[in-house]
Every structure is written in C-alpha cells, then in structure tokens.
Amino acid sequence: MKDLKEFDISFIGLKEGNHQFEYLIENKFFDFFKYDEFNNSNVNVVLSFLKKTTMFELSFQISGWVEVACDVTNELFHQPINAEMDLIVKFGEEYNDENEELLIIPHSEFKINVAQYIYEAIVLNVPLKRIHPGVQDGTLKSDVLEKLKELEIKDLDEEIEEDNIKEIDPRWSKLKEYTNRKK
C-alpha cells in the first residue's frame, strides 16, 4: 500500500499510552480501492491508538458524508456517515486478519496501515438502499417522482370500491336479492 503511506502508523517509535491520528477522506482515497459508488466525499476519521506492551487498541470515530445517487430518482445527495469501530492488534507468528475485531501481525512488523479498515468502515456504513431525504419527506420535486406516482399501482381495496360504484348488471342484482331472502 505504498500509495497510502499517510495511513501507516509506525508503532516502534511510539511511547506506551494513547496517541491520536486524524484523517480527511476524500474521493481520491476511494479511487485507490477502485470504488466508484461515491461521487464525492468528505469524511473525518479520528483514530485513538492505545499502545500497550503486548498489544494495541485502535478506536475509529468516523463522521461526515458521501455523495451518492438516490436509488429512486437518481438525484445526487449527501448520505451522512457516522460510525465507530474498534480493533485490537496483537503479535503472533504470522499475519492473520480473519477476525474483524482482532488483527494478528508478525513480531517482526514495525508499522501498521489502517487504510483498509477505514475504507471498510465507511463503505459498510452506507445503507444498501439509498433514498434521497426529499423523497422520504415529500419535499423533492422531480420528473421521475411524478412519473412514478402516475404509474403507481392502486390498492386492491380502492379497485374493489371503484368496481362496486360502477353499475351492476341487473341480472346479478336479482340473484343477490334471491340469496338474501333464503337467509
């Protein structure tokens, strides 16, 4: 990850205790991962790095927005991102990242790159269905929304009422009268 060197944390020179790192995530960050779902982004990441003798505790605070297209209208909007993520880093014989909350790195390592963890935290905190806030509260005016309302399927109850309002064939009305008398 030589292009993302700013996300390298060299822990050999750090004293034991808490250290804080801050990152501003913009679209060029996602370009490195070849992720093109976001049109723009402005996300702040505050990383609290607690160095202990045998392990590290990383706590990510992520806040900001990413610009995405609405799944209903295709209008661009800022999707808020607010996330927290914790990661424990321990030393072992070989590299192991199978557990999402625990990272094991070899004893010979002297730095850790946190870019992948930041990327995953942001991408996973964007909802699968992205709906413009104006669609939800009814303030967005769009040709697409107007067309969708025009083509909207009516409720079955509404259709039954409309059918009942229409004139009924007189032969069927006579049969209904007959069945009502039998009761």
# chains A, B, ... in the order shown; residues from 1 in each chain; ligands from 1
>>> residues_around(residues="stretch 88-101 of chain A", least_positions_apart="2", cutoff="10 Å", atoms="only C-alpha atoms", output="ChimeraX atom specification")
/A:49-52,54-59,85-86,103-109,112,117
>>> select_by_dssp(residues="stretch 35-132 of chain A", states="alpha helix (DSSP H)", output="ChimeraX atom specification")
/A:115-124
>>> closest_residue(among="A:Ile153, A:Val123, A:Ile81, A:Leu47", to="A:Ile9", atoms="only C-alpha atoms")
A:Leu47
>>> residues_around(residues="A:Val68", least_positions_apart="3", cutoff="9 Å", atoms="only C-alpha atoms", output="list of chain:residue names")
A:Glu37, A:Phe38, A:Asn39, A:Asn40, A:Asn74, A:Glu75, A:Leu76, A:Phe77, A:His78, A:Gln79, A:Arg130
>>> residues_around(residues="A:Gly64", least_positions_apart="6", cutoff="9 Å", atoms="only C-alpha atoms", output="ChimeraX atom specification")
/A:41-45,79-82
